[in-house]
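Note sheet for the following structure.
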Amino acid sequence: MNQQDPYDRQDPYDRHDRHDRYAPRNSPLLSVPVHAAGPDGPWADVAEGMVRNGNACIHTTWDEWPAEPASGAALRRLLGRDWVRYRDTADATARHRFVASRLAIRYTAAAALGTGPAELDLSYKPGGRPYLRGFDQMDLSLTHTDDLIAVGISRTGRIGVDTEPADRRLAFDLLQDQVCTPAERAELAALGERGQAAGMLRLWTLKEAYTKALGLGLRMGFSEFGFATATSGETGLLAPDGTPATHGEWAFGTYPVAGRYLLSVACHDAGLDTSRDSAVATMLDEGFVAMVSAALLDPA
């Protein structure tokens with residue numbers, strides 16, 4: 001009699017019931033995602049994550065944000081350059097979802113920077129990726145699926161986030177060549193059907209998060225790089241043959257959130273971060289400020 005796959009008899013994302021060797025290996029360098037229940041946060045947890053790890057991530061749902069969060073004038077100031085798109089969106093549901101996602105970004109960034117959400121100039125790169133004008137060191141990533149919104153922010157390098165419903169089933173037989181490296185295919189092939197589906201979903205969200213952080217998205221082939229599967233002893237980014245592909249500069253994690261979603265985070269450490277303080281009023285480099293002050297005092 002064949003031994004039953006643990007994935008076939010228990011929830012693969014239940015940390016309490018799952019065998020340790022099936023537990024996702026999340027990097028301790030990542031801040032655990034915070035549930036932000038609308039404008040009330042808790043935003044202090046985001047600030048704490050930035051101080052501790054240089055990154056933070058929140059998840060929320062669009063219906064946790066008021067459809068009309070402020071008066072017309074106040075909302076226009078709060079949305080900034082997004083006001084025009086908000087005003088021109090005729091469908092009430094689409095308008096509500098749009099304002100919820102933009103306010104989630106603004107409140108997350110404001111908590112990380114120690115300022116007010118209306119004080120930030122939120123803009124977008126050609127591909128639609130959000131960024132903060134005047135804060136080039138800060139990187140943002142936004143993702144949403146169904147009613148879930150997630151925002152990632154980092155001061156150490158690029159960050160990418162991706163989320164999918166935890167019950168989504170990706171067919172291993174149909175997608176293994178497009179999604180998996182040879183090493184991942186071999187490890188997942190040894191699991192039962194439930195284990196393969198769970199492993200595929202985890203890999204999919206991790207690869208989406210990583211390629212979003214790189215700014216490439218689906219333009220980068222998912223079979224060209226890999227991650228540890230449930231049975232692997234490796235933890236970071238892997239080459240197609242399963243050997244380590246980086247030296248610890250990337251941190252990855254996959255988390256069950258909101259009861260029915262998976263949220264994956266990929267965060268890069270560029271090695272340039274010299275301060276744990278990302279507050280607007282104090283994040284300027286002291287050496288740079290001293291050089292500018294000296295130049296102003298002695299323009300010759």
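Letters A, B, ... go to the chains of the structure tokens in the order shown; residues in each chain start at 1; ligands are counted from 1 in the same order.
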
**Study point:** Sel. of strand (DSSP E or B) residues, segment 113-253 of chain A, as a ChimeraX atom specification
**Key:** /A:122-124,130-132,139-145,148-154,159-165,226,238,244,250-253

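Neighbouring residues of Thr243 of chain A at 10 Å or closer, counting only C-alpha atoms and skipping chain neighbours under 5 positions away, are Ala183, Gly226, Phe227, Ala228, Glu234, Gly236, Leu237 and Leu238 of chain A.
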
Excluding segment 149-157 of chain A and its own-chain neighbours fewer than 4 positions away, which residues fall within 7 Å of it when counting only C-alpha atoms? Please give them as a PDB file with C-alpha atoms, in the first residue's frame.
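Produced file around-v6.pdb, reproduced below:
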```
ATOM      1  CA  GLY A  54      13.661  47.791   5.726  1.00  0.00           C
ATOM      2  CA  ASN A  55      10.466  46.438   4.142  1.00  0.00           C
ATOM      3  CA  ALA A  56       6.779  46.053   4.910  1.00  0.00           C
ATOM      4  CA  CYS A  57       3.694  44.573   3.293  1.00  0.00           C
ATOM      5  CA  ILE A  58      -0.007  45.059   3.944  1.00  0.00           C
ATOM      6  CA  HIS A  59      -3.096  43.270   2.761  1.00  0.00           C
ATOM      7  CA  THR A  60      -6.601  44.643   2.839  1.00  0.00           C
ATOM      8  CA  THR A  61      -9.921  44.355   1.024  1.00  0.00           C
ATOM      9  CA  TRP A  62     -11.495  47.118  -0.979  1.00  0.00           C
ATOM     10  CA  SER A 101      -6.127  50.557  -3.906  1.00  0.00           C
ATOM     11  CA  ILE A 105      -0.646  52.583  -1.295  1.00  0.00           C
ATOM     12  CA  GLN A 137      15.215  54.869  -2.588  1.00  0.00           C
ATOM     13  CA  MET A 138      11.690  53.652  -1.782  1.00  0.00           C
ATOM     14  CA  ASP A 139      10.196  50.942  -3.996  1.00  0.00           C
ATOM     15  CA  LEU A 140       6.506  50.024  -4.192  1.00  0.00           C
ATOM     16  CA  SER A 141       4.549  47.066  -5.518  1.00  0.00           C
ATOM     17  CA  LEU A 142       0.782  46.665  -5.811  1.00  0.00           C
ATOM     18  CA  THR A 143      -1.252  43.528  -6.509  1.00  0.00           C
ATOM     19  CA  HIS A 144      -4.914  42.604  -6.269  1.00  0.00           C
ATOM     20  CA  THR A 145      -7.161  39.624  -6.929  1.00  0.00           C
ATOM     21  CA  VAL A 161       4.135  41.148  -4.329  1.00  0.00           C
ATOM     22  CA  CYS A 267      12.509  41.736  -1.831  1.00  0.00           C
ATOM     23  CA  HIS A 268      16.029  42.667  -2.935  1.00  0.00           C
ATOM     24  CA  ASP A 269      18.782  44.109  -0.766  1.00  0.00           C
ATOM     25  CA  ALA A 270      21.001  46.279  -2.954  1.00  0.00           C
ATOM     26  CA  LEU A 272      23.153  50.476  -0.081  1.00  0.00           C
ATOM     27  CA  ASP A 273      20.967  50.910   2.990  1.00  0.00           C
TER      28      ASP A 273
END
```

Check your understanding: Contacts of Ala47 of chain A at 12 Å or less, counting only C-alpha atoms, minus same-chain residues fewer than 2 places along, as a ChimeraX atom specification?
Key -> /A:31,34,41-45,49-58,107-115,153-155,276-279

Review point. Looking at only C-alpha atoms, which of A:Thr254, A:Gly242, A:Leu214, A:Ala190 is the one that sits closest to Ser27 of chain A?
Key: A:Thr254

Exercise for review: Using only C-alpha atoms, pick whichever of A:Leu170, A:Leu132, A:Ala266, A:Val32 has the shortest atom-to-atom distance to Glu208 of chain A.
Suggested key: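 Distance minimum relative to Glu208 of chain A lands on A:Ala266.
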
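Take the candidates A:Leu206, A:Ala94, A:Val84, A:Val99 and check each one against Ala70 of chain A using only C-alpha atoms; the shortest distance goes to A:Val99.
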
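Near Ala198 of chain A, within a cut-off of 8 Å and counting only C-alpha atoms, sit the residues Pro12, Arg169, Arg194, Gly195, Leu201 and Arg202 of chain A, with same-chain residues fewer than 3 positions away left out.
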
Export C-alpha atoms of the chosen residues as a PDB file, in the first residue's frame?
```
ATOM      1  CA  PRO A  12      -1.204  22.381   2.812  1.00  0.00           C
ATOM      2  CA  ARG A 169      -5.714  24.822  -8.796  1.00  0.00           C
ATOM      3  CA  ARG A 194      -3.043  17.886  -4.007  1.00  0.00           C
ATOM      4  CA  GLY A 195       0.613  18.453  -3.219  1.00  0.00           C
ATOM      5  CA  LEU A 201       0.408  27.742  -6.725  1.00  0.00           C
ATOM      6  CA  ARG A 202       3.185  28.659  -4.309  1.00  0.00           C
TER       7      ARG A 202
END
```
